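query22.csv (CSV, C-alpha atoms) appears below.
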chain,number,residue,atom,x,y,z
A,220,MET,CA,288.1,129.6,304.1
A,221,SER,CA,288.0,130.4,307.8
A,222,ALA,CA,290.5,129.0,310.2
A,223,THR,CA,289.5,126.3,312.7
A,224,MET,CA,289.3,127.7,316.3
A,225,TYR,CA,289.5,126.0,319.6
A,226,TYR,CA,288.5,127.2,323.1
A,227,GLU,CA,288.4,126.0,326.7
A,228,ALA,CA,285.7,123.4,326.0
A,229,ASP,CA,287.7,121.8,323.2
A,230,ALA,CA,290.7,121.0,325.5
A,231,ASN,CA,291.2,118.3,328.0
A,232,PRO,CA,293.5,119.8,330.7
A,233,MET,CA,294.3,116.4,332.2
A,234,LEU,CA,296.3,115.3,329.2
A,235,VAL,CA,299.2,117.7,329.9
A,236,ASN,CA,298.7,117.3,333.6
A,237,GLN,CA,299.6,113.6,333.2
A,238,ARG,CA,302.9,114.5,331.5
A,239,LYS,CA,306.3,115.6,332.8
A,240,VAL,CA,307.1,118.8,330.9
A,241,ALA,CA,310.5,120.2,330.3
A,242,VAL,CA,310.6,123.8,329.2
A,243,LEU,CA,314.0,124.5,327.6
A,244,GLY,CA,314.8,128.2,327.9
A,245,PHE,CA,313.6,130.8,330.4
A,246,GLY,CA,313.4,134.0,328.3
A,247,SER,CA,310.3,135.9,327.4
A,248,GLN,CA,308.2,132.8,326.3
A,249,GLY,CA,310.0,130.3,328.5
A,250,HIS,CA,309.2,132.0,331.8
A,251,ALA,CA,305.6,132.4,330.8
A,252,HIS,CA,305.1,128.8,329.7
A,253,ALA,CA,306.8,127.3,332.7
A,254,LEU,CA,305.1,129.5,335.3
A,255,ASN,CA,301.6,129.2,333.7
A,256,LEU,CA,301.9,125.4,333.4
A,257,LYS,CA,303.1,125.1,337.0
A,258,GLU,CA,300.1,127.1,338.2
A,259,SER,CA,297.8,124.9,336.1
A,260,GLY,CA,299.0,121.9,338.0
A,261,VAL,CA,301.6,120.6,335.5
A,262,ASP,CA,304.8,118.9,336.7
A,263,VAL,CA,307.4,121.3,335.1
A,264,ALA,CA,311.2,121.5,335.0
A,265,VAL,CA,313.2,124.2,333.3
A,266,GLY,CA,316.2,123.3,331.2
A,267,LEU,CA,319.1,125.8,331.3
A,268,ARG,CA,322.7,125.6,330.4
A,269,PRO,CA,325.1,125.6,333.5
A,270,GLY,CA,325.9,129.1,334.6
A,271,SER,CA,322.9,130.7,332.9
A,272,HIS,CA,322.0,134.1,334.4
A,273,ARG,CA,318.4,133.0,334.4
A,274,GLU,CA,318.9,130.1,336.7
A,275,SER,CA,318.4,132.0,340.0
A,276,THR,CA,315.3,133.7,338.5
A,277,ALA,CA,313.7,130.4,337.7
A,278,SER,CA,314.7,128.8,341.0
A,279,ASP,CA,313.4,131.8,343.0
A,280,ALA,CA,310.0,131.4,341.1
A,281,GLY,CA,309.8,127.9,342.6
A,282,LEU,CA,310.7,126.0,339.5
A,283,THR,CA,313.0,123.0,339.3
A,284,VAL,CA,316.0,123.8,337.2
A,285,MET,CA,318.1,121.2,335.4
A,286,THR,CA,320.5,121.1,332.5
A,287,PRO,CA,318.7,120.8,329.1
A,288,ALA,CA,319.9,117.2,328.8
A,289,ALA,CA,318.7,116.2,332.3
A,290,ALA,CA,315.4,118.0,331.8
A,291,ALA,CA,314.7,116.3,328.5
A,292,ALA,CA,315.7,112.9,329.9
A,293,TRP,CA,313.3,113.5,332.8
A,294,ALA,CA,310.4,114.7,330.7
A,295,ASN,CA,308.1,113.0,328.3
A,296,LEU,CA,307.0,116.3,326.8
A,297,THR,CA,309.7,118.8,325.9
A,298,MET,CA,309.0,122.4,324.8
A,299,VAL,CA,311.9,124.0,323.0
A,300,LEU,CA,311.9,127.8,323.7
A,301,VAL,CA,315.5,128.8,322.9
A,302,PRO,CA,316.4,131.0,319.9
A,303,ASP,CA,316.0,129.5,316.5
A,304,GLN,CA,319.8,129.4,315.8
A,305,PHE,CA,320.5,127.3,318.8
A,306,GLN,CA,317.7,124.7,318.5
A,307,GLY,CA,319.5,122.4,316.0
A,308,SER,CA,322.6,121.9,318.2
A,309,LEU,CA,320.4,121.7,321.4
A,310,TYR,CA,318.3,119.0,319.8
A,311,HIS,CA,321.2,116.9,318.7
A,312,GLU,CA,323.2,117.2,321.9
A,313,ALA,CA,320.5,117.3,324.6
A,314,ILE,CA,317.2,116.1,323.3
A,315,ALA,CA,317.6,113.4,320.6
A,316,PRO,CA,319.5,111.0,322.9
A,317,THR,CA,316.7,111.0,325.5
A,318,LEU,CA,313.7,110.6,323.2
A,319,GLN,CA,311.5,107.5,323.9
A,320,ASP,CA,308.6,106.2,321.8
A,321,GLY,CA,305.4,108.2,322.5
A,322,ASP,CA,307.3,111.2,323.8
A,323,ALA,CA,306.2,114.7,322.6
A,324,LEU,CA,308.4,117.4,321.2
A,325,PHE,CA,306.8,120.9,321.1
A,326,PHE,CA,307.9,124.2,319.6
A,327,ALA,CA,306.6,127.8,319.6
A,328,HIS,CA,307.9,128.5,316.1
A,329,GLY,CA,308.2,126.2,313.2
A,330,PHE,CA,311.6,127.3,311.8
A,331,ASN,CA,313.8,124.3,312.6
A,332,ILE,CA,311.2,121.7,311.8
A,333,HIS,CA,310.0,123.3,308.6
A,334,TYR,CA,313.5,123.9,307.2
A,335,GLY,CA,314.8,120.5,308.3
A,336,TYR,CA,317.4,121.6,310.9
A,337,VAL,CA,315.6,119.3,313.4
A,338,THR,CA,314.3,115.9,312.2
A,339,PRO,CA,312.7,113.9,315.0
A,340,PRO,CA,312.1,110.2,314.9
A,341,ASP,CA,308.8,108.9,313.6
A,342,SER,CA,307.9,107.5,316.9
A,343,ILE,CA,307.2,110.8,318.8
A,344,ASP,CA,304.6,113.5,318.5
A,345,VAL,CA,305.8,116.8,317.1
A,346,ALA,CA,303.6,119.8,317.6
A,347,MET,CA,303.6,123.6,317.9
A,348,VAL,CA,301.8,125.9,320.4
A,349,ALA,CA,302.7,129.5,319.5
A,350,PRO,CA,301.2,132.3,321.5
A,351,LYS,CA,300.6,135.4,319.4
A,352,GLY,CA,302.1,137.8,321.8
A,353,PRO,CA,305.3,138.3,323.9
A,354,GLY,CA,305.8,136.1,326.9
A,355,HIS,CA,305.3,138.9,329.4
A,356,LEU,CA,301.9,139.4,328.0
A,357,VAL,CA,301.2,135.7,328.0
A,358,ARG,CA,302.1,135.7,331.7
A,359,ARG,CA,300.1,138.8,332.7
A,360,GLN,CA,297.0,137.7,330.9
A,361,TYR,CA,297.1,134.3,332.5
A,362,GLN,CA,297.5,135.9,336.0
A,363,ALA,CA,294.5,138.2,335.2
A,364,GLY,CA,292.3,135.2,334.4
A,365,SER,CA,292.5,135.8,330.6
A,366,GLY,CA,294.8,134.6,327.9
A,367,VAL,CA,296.6,135.4,324.6
A,368,PRO,CA,295.5,133.7,321.4
A,369,ALA,CA,297.8,131.1,320.1
A,370,LEU,CA,298.4,128.9,317.0
A,371,VAL,CA,298.5,125.1,317.1
A,372,ALA,CA,300.0,122.9,314.5
A,373,ILE,CA,300.8,119.2,314.2
A,374,HIS,CA,303.9,118.1,312.3
A,375,GLN,CA,303.9,114.5,313.4
A,376,ASP,CA,301.1,112.5,315.1
A,377,ALA,CA,302.8,109.3,316.2
A,378,THR,CA,300.3,108.5,319.1
A,379,GLY,CA,297.1,109.6,317.4
A,380,SER,CA,296.5,112.2,320.1
A,381,ALA,CA,299.1,114.9,319.3
A,382,LYS,CA,296.5,117.6,318.6
A,383,ASP,CA,294.6,116.8,321.8
A,384,LEU,CA,297.9,117.0,323.7
A,385,ALA,CA,298.7,120.3,322.0
A,386,LEU,CA,295.3,121.8,322.9
A,387,SER,CA,295.8,120.6,326.5
A,388,TYR,CA,299.2,122.4,326.6
A,389,ALA,CA,297.6,125.5,325.2
A,390,HIS,CA,294.9,125.3,327.9
A,391,GLY,CA,297.7,125.0,330.5
A,392,ILE,CA,299.3,128.3,329.4
A,393,GLY,CA,295.9,130.1,329.2
A,394,ALA,CA,295.7,130.3,325.4
A,395,THR,CA,292.3,128.5,325.0
A,396,ARG,CA,290.7,131.2,327.1
A,397,ALA,CA,291.3,133.6,324.2
A,398,GLY,CA,291.2,131.1,321.3
A,399,VAL,CA,293.6,128.8,319.5
A,400,ILE,CA,293.9,128.8,315.7
A,401,GLU,CA,294.9,125.6,313.8
A,402,THR,CA,297.6,126.0,311.2
A,403,THR,CA,300.6,124.2,309.9
A,404,PHE,CA,304.4,124.5,310.6
A,405,LYS,CA,304.9,125.7,307.0
A,406,ALA,CA,302.2,128.5,307.2
A,407,GLU,CA,303.3,129.7,310.6
A,408,THR,CA,307.0,129.8,309.7
A,409,GLU,CA,306.7,131.5,306.4
A,410,THR,CA,304.1,134.1,307.4
A,411,ASP,CA,305.9,134.9,310.7
A,412,LEU,CA,309.2,135.5,308.9
A,413,PHE,CA,307.5,137.5,306.2
A,414,GLY,CA,305.8,139.7,308.7
A,415,GLU,CA,309.0,140.3,310.6
A,416,GLN,CA,311.0,141.2,307.5
A,417,VAL,CA,308.6,143.4,305.6
A,418,ILE,CA,306.5,145.1,308.3
A,419,LEU,CA,307.1,144.5,312.0
A,420,CYS,CA,310.9,144.8,312.1
A,421,GLY,CA,312.6,145.3,308.8
A,422,GLY,CA,310.0,147.5,307.1
A,423,VAL,CA,309.2,149.7,310.1
A,424,ASP,CA,312.8,150.0,311.2
A,425,GLU,CA,314.0,151.2,307.8
A,426,MET,CA,311.0,153.6,307.3
A,427,ILE,CA,311.6,155.2,310.7
A,428,ARG,CA,315.3,155.9,310.0
A,429,ALA,CA,314.7,157.0,306.4
A,430,ALA,CA,312.0,159.5,307.6
A,431,PHE,CA,314.1,160.8,310.4
A,432,GLU,CA,317.1,161.3,308.1
A,433,THR,CA,314.8,163.1,305.5
A,434,LEU,CA,313.6,165.6,308.1
A,435,THR,CA,317.0,166.3,309.7
A,436,GLU,CA,318.8,166.6,306.4
A,437,ALA,CA,316.1,169.2,305.5
A,438,GLY,CA,317.1,171.2,308.5
A,439,TYR,CA,314.4,170.3,311.0
A,440,GLU,CA,315.3,169.7,314.7
A,441,PRO,CA,316.2,166.1,315.4
A,442,GLU,CA,313.9,166.2,318.5
A,443,MET,CA,310.9,167.2,316.3
A,444,ALA,CA,311.8,164.5,313.8
A,445,TYR,CA,312.0,161.9,316.6
A,446,PHE,CA,308.5,162.8,317.9
A,447,GLU,CA,306.9,162.7,314.5
A,448,VAL,CA,308.4,159.5,313.0
A,449,LEU,CA,309.1,157.3,316.1
A,450,HIS,CA,307.4,158.4,319.3
A,451,GLU,CA,303.9,159.0,317.7
A,452,LEU,CA,304.1,155.6,316.0
A,453,LYS,CA,302.7,154.0,319.1
A,454,LEU,CA,299.6,156.0,318.9
A,455,ILE,CA,298.9,154.7,315.4
A,456,VAL,CA,299.8,151.1,316.3
A,457,ASP,CA,297.5,151.2,319.3
A,458,LEU,CA,294.6,152.4,317.1
A,459,LEU,CA,295.4,149.6,314.5
A,460,PHE,CA,295.5,147.0,317.3
A,461,GLU,CA,292.2,148.2,318.7
A,462,GLY,CA,290.1,148.4,315.5
A,463,GLY,CA,292.1,147.8,312.3
A,464,LEU,CA,292.7,150.2,309.5
A,465,SER,CA,289.2,151.7,309.5
A,466,TRP,CA,289.4,152.6,313.1
A,467,MET,CA,292.8,154.2,312.8
A,468,ARG,CA,291.7,156.3,309.8
A,469,TYR,CA,288.5,157.3,311.6
A,470,SER,CA,290.4,158.3,314.7
A,471,VAL,CA,293.0,160.5,313.1
A,472,SER,CA,292.3,163.9,311.6
A,473,ASP,CA,290.8,164.3,308.1
A,474,THR,CA,294.0,165.8,307.0
A,475,ALA,CA,296.0,162.8,308.2
A,476,GLU,CA,293.6,160.4,306.6
A,477,TYR,CA,293.8,162.2,303.3
A,478,GLY,CA,297.6,162.2,303.5
A,479,ASP,CA,297.3,158.4,304.2
A,480,VAL,CA,295.2,157.5,301.2
A,481,SER,CA,296.9,159.9,298.8
A,482,ARG,CA,300.6,159.6,299.7
A,483,GLY,CA,300.8,156.0,301.1
A,484,PRO,CA,300.7,154.5,297.6
A,485,ARG,CA,303.7,156.7,296.7
A,486,ILE,CA,305.7,155.2,299.5
A,487,VAL,CA,304.7,151.6,298.9
A,488,THR,CA,305.0,151.4,295.2
A,489,GLU,CA,304.7,148.5,292.8
A,490,GLN,CA,308.4,148.1,293.1
A,491,THR,CA,308.0,147.8,296.8
A,492,ARG,CA,305.4,145.1,296.3
A,493,ALA,CA,307.7,143.3,293.9
A,494,THR,CA,310.4,143.3,296.5
A,495,MET,CA,307.9,141.9,299.1
A,496,ARG,CA,307.2,139.0,296.7
A,497,GLU,CA,310.9,138.5,296.2
A,498,ILE,CA,311.4,138.3,300.0
A,499,LEU,CA,308.5,135.9,300.4
A,500,GLY,CA,310.1,133.7,297.7
A,501,GLU,CA,313.4,133.6,299.6
A,502,ILE,CA,311.5,132.5,302.7
A,503,GLN,CA,309.5,129.9,300.9
A,504,SER,CA,312.5,128.4,299.2
A,505,GLY,CA,314.6,128.2,302.3
A,506,ALA,CA,317.2,130.7,301.0
A,507,PHE,CA,316.7,133.1,303.9
A,508,ALA,CA,317.0,130.2,306.4
A,509,LYS,CA,320.3,129.1,304.8
A,510,GLU,CA,321.6,132.7,304.8
A,511,TRP,CA,320.7,133.2,308.5
A,512,MET,CA,322.3,129.9,309.6
A,513,ALA,CA,325.4,130.7,307.6
A,514,GLU,CA,325.5,134.1,309.3
A,515,VAL,CA,325.3,132.3,312.7
A,516,ALA,CA,328.1,129.8,311.7
A,517,ALA,CA,330.3,132.8,310.8
A,518,GLY,CA,329.7,134.4,314.2
A,519,THR,CA,327.0,136.9,313.1
A,520,PRO,CA,329.3,139.6,311.8
A,521,ASN,CA,326.7,141.3,309.7
A,522,LEU,CA,324.1,141.3,312.5
A,523,LEU,CA,326.7,142.6,315.0
A,524,ALA,CA,327.7,145.4,312.6
A,525,ALA,CA,324.0,146.3,312.1
A,526,ARG,CA,323.5,146.5,315.9
A,527,ARG,CA,326.4,148.9,316.2
A,528,ALA,CA,325.1,151.0,313.4
A,529,VAL,CA,321.7,151.4,315.0
A,530,ALA,CA,323.2,152.2,318.4
A,531,ASP,CA,325.3,154.9,316.8
A,532,HIS,CA,322.5,156.4,314.8
A,533,ASP,CA,321.4,159.9,315.7
A,534,ILE,CA,317.8,158.8,316.3
A,535,GLU,CA,318.9,156.5,319.1
A,536,LYS,CA,321.0,159.3,320.7
A,537,VAL,CA,318.2,161.9,320.5
A,538,GLY,CA,315.6,159.4,321.6
A,539,SER,CA,317.5,158.3,324.7
A,540,GLY,CA,317.6,161.9,325.9
A,541,LEU,CA,313.9,162.5,325.1
A,542,ARG,CA,312.7,159.3,326.8
A,543,ASP,CA,314.5,160.4,330.0
A,544,MET,CA,312.1,163.4,330.0
A,545,MET,CA,309.0,161.2,330.1
A,546,PRO,CA,308.1,160.1,333.7
A,547,PHE,CA,305.3,157.9,332.4
A,548,LEU,CA,307.7,155.8,330.4
A,549,VAL,CA,310.0,153.1,331.7
A,550,ALA,CA,312.8,153.4,329.2
A,551,LYS,CA,314.4,150.1,328.1
A,552,THR,CA,317.8,149.2,326.6
A,553,PRO,CA,319.2,145.8,325.6
A,554,GLU,CA,321.5,146.0,328.6
A,555,ASP,CA,318.5,145.9,330.9
A,556,ASP,CA,317.9,142.3,330.0
A,557,GLN,CA,321.4,141.0,330.6
Starting from the file, lay out its structure as structure tokens.
Amino acid sequence: MSATMYYEADANPMLVNQRKVAVLGFGSQGHAHALNLKESGVDVAVGLRPGSHRESTASDAGLTVMTPAAAAAWANLTMVLVPDQFQGSLYHEAIAPTLQDGDALFFAHGFNIHYGYVTPPDSIDVAMVAPKGPGHLVRRQYQAGSGVPALVAIHQDATGSAKDLALSYAHGIGATRAGVIETTFKAETETDLFGEQVILCGGVDEMIRAAFETLTEAGYEPEMAYFEVLHELKLIVDLLFEGGLSWMRYSVSDTAEYGDVSRGPRIVTEQTRATMREILGEIQSGAFAKEWMAEVAAGTPNLLAARRAVADHDIEKVGSGLRDMMPFLVAKTPEDDQ
């Protein structure tokens, strides 16, 4: 069954233009949503904690900045764009006390609603508008007159017009220019976590380090290993992005394609697939969410240790030096975003 799609003609831009919108957070997604909405004629305020290093950036962009509680109290549509682990406390401290019948509470990821860390009153609309791309791309595409596809989902339709309002919001950030897919909070949350854990972050991260270690332990130069297992990955991902698996296989050499079809199944075995199903089960049951929130409550000791281990890995040290040799590349580090 194909997903339901919505485009420009399906959205009424006046619905969100008649609202006062608070965007809580001004990170990757927050800055894109706030600026795109503002340029679409929406009355927008940004909610940031006092002393946030992003306050001057938002103010310099011409946006009104308030505390999260003040922004939520001023608005009748609040978009929550802070990290998952902070949304529950933010909701209870800053948003819940301000909610009025008929207000709207929006999210760009379903984690806290789906797993019950946020439970809004029955008298408000609860919806999701989730661009399928990083915020900087959402912003660039909007400025170029285009857009990034998005997902829309309705958790609670108190007013009878929650979907129309969500589509109007999607129009305001430019998503209906590319197309908006209707889904559910459950489907978005579970597929998003699964993709992050088994492919996009967890799977790729572990494969890169394991391949690097295999080559260097066999005596190959670490610089060669870096180029083969990390640097060239972008070439393959770009081909996949442009035309899927068939285009990637068509574009690489016949030798590479044969290595793909003959050796790939030896890497991703039935045991690997069984582990994927196990991970999906942990996501579906809420076990992963409970584990993550317990990690947060403990001060994220395992996450911090993992970050230190990655920073100390030889592939990071070798890569840093090699990236400095590439004038076409603007090298990035976590410190660049502080």
- Residue neighbourhood Glu501 in chain A, 12 Å, only C-alpha atoms, exclusion window fewer than 6 positions, as a PyMOL selection string: chain A and resi 409+412-413+416+494-495+507-511
Output C-alpha atoms for every residue in the selection just made, as an mmCIF file, in the frame of the given file.
data_model
loop_
_atom_site.group_PDB
_atom_site.id
_atom_site.type_symbol
_atom_site.label_atom_id
_atom_site.label_comp_id
_atom_site.auth_asym_id
_atom_site.auth_seq_id
_atom_site.Cartn_x
_atom_site.Cartn_y
_atom_site.Cartn_z
ATOM 1 C CA GLU A 409 306.700 131.500 306.400
ATOM 2 C CA LEU A 412 309.200 135.500 308.900
ATOM 3 C CA PHE A 413 307.500 137.500 306.200
ATOM 4 C CA GLN A 416 311.000 141.200 307.500
ATOM 5 C CA THR A 494 310.400 143.300 296.500
ATOM 6 C CA MET A 495 307.900 141.900 299.100
ATOM 7 C CA PHE A 507 316.700 133.100 303.900
ATOM 8 C CA ALA A 508 317.000 130.200 306.400
ATOM 9 C CA LYS A 509 320.300 129.100 304.800
ATOM 10 C CA GLU A 510 321.600 132.700 304.800
ATOM 11 C CA TRP A 511 320.700 133.200 308.500
#
- Query: CA of Gly505 in chain A and CA of Ser308 in chain A, how far apart in Å?
  - Reply: 18.9 Å
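Shortest separation to Ala230 in chain A among A:Ala381, A:Val371, A:Ala389, A:Val515 occurs at residue A:Ala389, atoms counted being all atoms listed in the file.
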- Shortest interatomic distance to Lys239 in chain A - which of A:Asp322, A:Glu274, A:Asp473, A:Asp279, counting all atoms listed in the file: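 Ranking A:Asp322, A:Glu274, A:Asp473, A:Asp279 by distance to Lys239 in chain A, first place goes to A:Asp322.
Here the question is which of A:Asp533, A:Asp383, A:Asp303, A:Glu258 gets nearest to Met233 in chain A using all atoms listed in the file, and that residue is A:Asp383.
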- Task: Grab the CA of Ile498 in chain A to CA of Asp411 in chain A distance for me, in Å with one decimal place.
- Result: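 Separation of CA of Ile498 in chain A and CA of Asp411 in chain A: 12.5 Å.
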